[in-house]
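Undergrad: Got a structure here, written out as structure tokens. Questions coming.
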Amino acid sequence: MAAHARTSAAVGLVLVAAVTAGCSGSGSHSGSGSTTSSPPASSARAGNGQNNPAPAPTESNPPGDIPDNQVYVAYRPTGGSFTGFTVKVPEGWARTEQGGSTVFTDKLNTVRITAVPASAAPTVGSVTKTVVPKLRSQVPKFAAPKVSEVSRHAGRVVRLTYQGDSAKDPVTGKVVRDGFERYAFYKSGHEVDLTLSGPVNADNVDPWRIISDSFAWR
């Protein structure tokens with residue numbers, strides 16, 4: 001009987017040890033799996049920050065707006081095919097000569113002045129038949145032409161408004177949708193074309209009126 005008791009006690013101890021070891025191994029495996037499957041919270045936050053950078057700040061004014069306090073200075077050509085006129089242009093704008101035209105630019109806005117000989121004064125009909133088709137072939141995505149006769153300080157003048165795409169920016173590669181106002185002034189065999197352009201969403205009604213109203217013969 002004593003031997004049988006000792007044998008039963010030994011078997012019991014072995015079973016308890018096995019169960020204890022199994023529980024210990026299971027806990028260790030569970031802890032290891034949890035560590036490898038779930039990254040630290042700080043790492044997850046860092047990844048989200050890299051994948052979703054903060055957006056660039058929005059500009060407070062539409063691109064192309066000419067400031068209300070812009071100063072204008074008189075431009076008097078001293079060379080070219082015809083010099084008998086003056087027109088005010090924004091002070092500080094860059095000036096270049098491009099194929100017989102004098103061009104003033106700043107950011108996205110442009111003032112282009114071209115003087116050409118003409119046998120007759122331009123009319124709504126002549127601009128519609130000759131100028132519009134020419135611009136349609138030259139201006140990318142030319143659209144919405146409208147020709148009318150308006151009054152400026154220099155007298156009655158033919159105005160052509162239209163839209164078109166700007167040239168691609170060499171740095172950013174961006175293309176801007178521009179609005180154009182073209183004024184054709186005429187006197188004694190001389191025509192001066194004044195073209196004002198800038199982004200279609202810019203509020204430049206007043207600056208363009210100041211410039212076109214300032215044109216004068218001399």
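All residue names refer to the structure tokens as shown: chains lettered A, B, ... in order, residues numbered from 1 in each chain, ligands numbered from 1 in order.
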For A:Lys129, work out the shell of residues within 12 Å, counting only C-alpha atoms and skipping chain neighbours fewer than 6 positions away, then give it as a PDB file with N, CA and C atoms, in the first residue's frame.
TA:
ATOM      1  N   PRO A 122      -9.607 100.994 -87.659  1.00  0.00           N
ATOM      2  CA  PRO A 122     -10.219  99.689 -87.417  1.00  0.00           C
ATOM      3  C   PRO A 122     -11.696  99.849 -87.043  1.00  0.00           C
ATOM      4  N   THR A 123     -12.486  98.867 -87.405  1.00  0.00           N
ATOM      5  CA  THR A 123     -13.911  98.858 -87.077  1.00  0.00           C
ATOM      6  C   THR A 123     -14.243  97.527 -86.406  1.00  0.00           C
ATOM      7  N   LEU A 135      -5.676  85.715 -84.084  1.00  0.00           N
ATOM      8  CA  LEU A 135      -5.445  85.358 -82.684  1.00  0.00           C
ATOM      9  C   LEU A 135      -5.853  83.917 -82.402  1.00  0.00           C
ATOM     10  N   ARG A 136      -6.903  83.458 -83.068  1.00  0.00           N
ATOM     11  CA  ARG A 136      -7.362  82.087 -82.861  1.00  0.00           C
ATOM     12  C   ARG A 136      -6.265  81.075 -83.221  1.00  0.00           C
ATOM     13  N   PRO A 145     -14.405  85.358 -77.964  1.00  0.00           N
ATOM     14  CA  PRO A 145     -14.106  86.700 -78.492  1.00  0.00           C
ATOM     15  C   PRO A 145     -15.368  87.566 -78.530  1.00  0.00           C
ATOM     16  N   VAL A 147     -16.224  91.665 -79.793  1.00  0.00           N
ATOM     17  CA  VAL A 147     -15.724  92.916 -80.354  1.00  0.00           C
ATOM     18  C   VAL A 147     -16.799  93.991 -80.182  1.00  0.00           C
TER      19      VAL A 147
END
Undergrad: Which residues are near A:Glu191? Cut-off 12 Å, only C-alpha atoms, ignore same chain within fewer than 6 positions. Put them as number ranges by chain.
TA: A: 81-85, 113-123, 157-158, 183-185, 217
Undergrad: Export N, CA and C atoms of the chosen residues as a PDB file, in the first residue's frame?
TA:
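Dumped everything to again_30.pdb:
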ATOM      1  N   SER A  81       8.467 102.248 -85.047  1.00  0.00           N
ATOM      2  CA  SER A  81       7.806 102.759 -86.249  1.00  0.00           C
ATOM      3  C   SER A  81       6.991 104.017 -86.000  1.00  0.00           C
ATOM      4  N   PHE A  82       6.588 104.237 -84.739  1.00  0.00           N
ATOM      5  CA  PHE A  82       5.768 105.410 -84.448  1.00  0.00           C
ATOM      6  C   PHE A  82       5.932 105.782 -82.979  1.00  0.00           C
ATOM      7  N   THR A  83       6.136 107.088 -82.726  1.00  0.00           N
ATOM      8  CA  THR A  83       6.385 107.534 -81.353  1.00  0.00           C
ATOM      9  C   THR A  83       5.394 108.608 -80.898  1.00  0.00           C
ATOM     10  N   GLY A  84       4.354 108.860 -81.668  1.00  0.00           N
ATOM     11  CA  GLY A  84       3.475 109.983 -81.376  1.00  0.00           C
ATOM     12  C   GLY A  84       2.340 109.698 -80.409  1.00  0.00           C
ATOM     13  N   PHE A  85       2.648 109.038 -79.299  1.00  0.00           N
ATOM     14  CA  PHE A  85       1.605 108.783 -78.298  1.00  0.00           C
ATOM     15  C   PHE A  85       2.235 108.567 -76.923  1.00  0.00           C
ATOM     16  N   ILE A 113       2.156  96.877 -76.017  1.00  0.00           N
ATOM     17  CA  ILE A 113       1.890  98.037 -76.856  1.00  0.00           C
ATOM     18  C   ILE A 113       2.547  97.824 -78.214  1.00  0.00           C
ATOM     19  N   THR A 114       1.738  97.904 -79.270  1.00  0.00           N
ATOM     20  CA  THR A 114       2.244  97.687 -80.625  1.00  0.00           C
ATOM     21  C   THR A 114       1.743  98.791 -81.543  1.00  0.00           C
ATOM     22  N   ALA A 115       2.643  99.471 -82.229  1.00  0.00           N
ATOM     23  CA  ALA A 115       2.279 100.525 -83.183  1.00  0.00           C
ATOM     24  C   ALA A 115       2.541 100.016 -84.603  1.00  0.00           C
ATOM     25  N   VAL A 116       1.534 100.166 -85.473  1.00  0.00           N
ATOM     26  CA  VAL A 116       1.666  99.705 -86.857  1.00  0.00           C
ATOM     27  C   VAL A 116       1.041 100.734 -87.798  1.00  0.00           C
ATOM     28  N   PRO A 117       1.522 100.843 -89.027  1.00  0.00           N
ATOM     29  CA  PRO A 117       0.855 101.710 -90.004  1.00  0.00           C
ATOM     30  C   PRO A 117      -0.467 101.084 -90.431  1.00  0.00           C
ATOM     31  N   ALA A 118      -1.470 101.939 -90.695  1.00  0.00           N
ATOM     32  CA  ALA A 118      -2.783 101.444 -91.116  1.00  0.00           C
ATOM     33  C   ALA A 118      -3.406 102.441 -92.079  1.00  0.00           C
ATOM     34  N   SER A 119      -4.000 101.933 -93.140  1.00  0.00           N
ATOM     35  CA  SER A 119      -4.597 102.813 -94.155  1.00  0.00           C
ATOM     36  C   SER A 119      -5.977 103.303 -93.756  1.00  0.00           C
ATOM     37  N   ALA A 120      -6.598 102.628 -92.806  1.00  0.00           N
ATOM     38  CA  ALA A 120      -7.937 103.027 -92.380  1.00  0.00           C
ATOM     39  C   ALA A 120      -8.122 102.685 -90.908  1.00  0.00           C
ATOM     40  N   ALA A 121      -9.073 103.347 -90.296  1.00  0.00           N
ATOM     41  CA  ALA A 121      -9.341 103.101 -88.883  1.00  0.00           C
ATOM     42  C   ALA A 121      -9.981 101.719 -88.699  1.00  0.00           C
ATOM     43  N   PRO A 122      -9.607 100.994 -87.659  1.00  0.00           N
ATOM     44  CA  PRO A 122     -10.219  99.689 -87.417  1.00  0.00           C
ATOM     45  C   PRO A 122     -11.696  99.849 -87.043  1.00  0.00           C
ATOM     46  N   THR A 123     -12.486  98.867 -87.405  1.00  0.00           N
ATOM     47  CA  THR A 123     -13.911  98.858 -87.077  1.00  0.00           C
ATOM     48  C   THR A 123     -14.243  97.527 -86.406  1.00  0.00           C
ATOM     49  N   VAL A 157     -12.933 103.854 -79.698  1.00  0.00           N
ATOM     50  CA  VAL A 157     -11.895 102.864 -79.919  1.00  0.00           C
ATOM     51  C   VAL A 157     -12.551 101.485 -80.007  1.00  0.00           C
ATOM     52  N   VAL A 158     -11.949 100.597 -80.795  1.00  0.00           N
ATOM     53  CA  VAL A 158     -12.477  99.238 -80.924  1.00  0.00           C
ATOM     54  C   VAL A 158     -11.813  98.349 -79.874  1.00  0.00           C
ATOM     55  N   TYR A 183      -7.253  97.015 -77.220  1.00  0.00           N
ATOM     56  CA  TYR A 183      -7.796  98.285 -77.686  1.00  0.00           C
ATOM     57  C   TYR A 183      -7.029  98.720 -78.933  1.00  0.00           C
ATOM     58  N   ALA A 184      -7.768  99.066 -79.985  1.00  0.00           N
ATOM     59  CA  ALA A 184      -7.149  99.517 -81.231  1.00  0.00           C
ATOM     60  C   ALA A 184      -7.413 101.011 -81.418  1.00  0.00           C
ATOM     61  N   PHE A 185      -6.370 101.830 -81.191  1.00  0.00           N
ATOM     62  CA  PHE A 185      -6.466 103.280 -81.355  1.00  0.00           C
ATOM     63  C   PHE A 185      -5.971 103.638 -82.760  1.00  0.00           C
ATOM     64  N   TRP A 217      -2.712 110.873 -77.898  1.00  0.00           N
ATOM     65  CA  TRP A 217      -1.854 111.187 -79.043  1.00  0.00           C
ATOM     66  C   TRP A 217      -1.031 112.422 -78.734  1.00  0.00           C
TER      67      TRP A 217
END
Undergrad: Which residue is closest to A:Leu196? Choose from A:Val103, A:Ala154, A:Val171, A:Ala74 and count only C-alpha atoms.
TA: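 Of A:Val103, A:Ala154, A:Val171, A:Ala74, the one nearest A:Leu196 is A:Val103, counting only C-alpha atoms.
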Undergrad: Measure the distance from atom CA of A:Gly173 to atom CA of A:Lys141 in Å and round it to one decimal.
TA: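 Atom-to-atom, atom CA of A:Gly173 and atom CA of A:Lys141 are spaced 16.9 Å apart.
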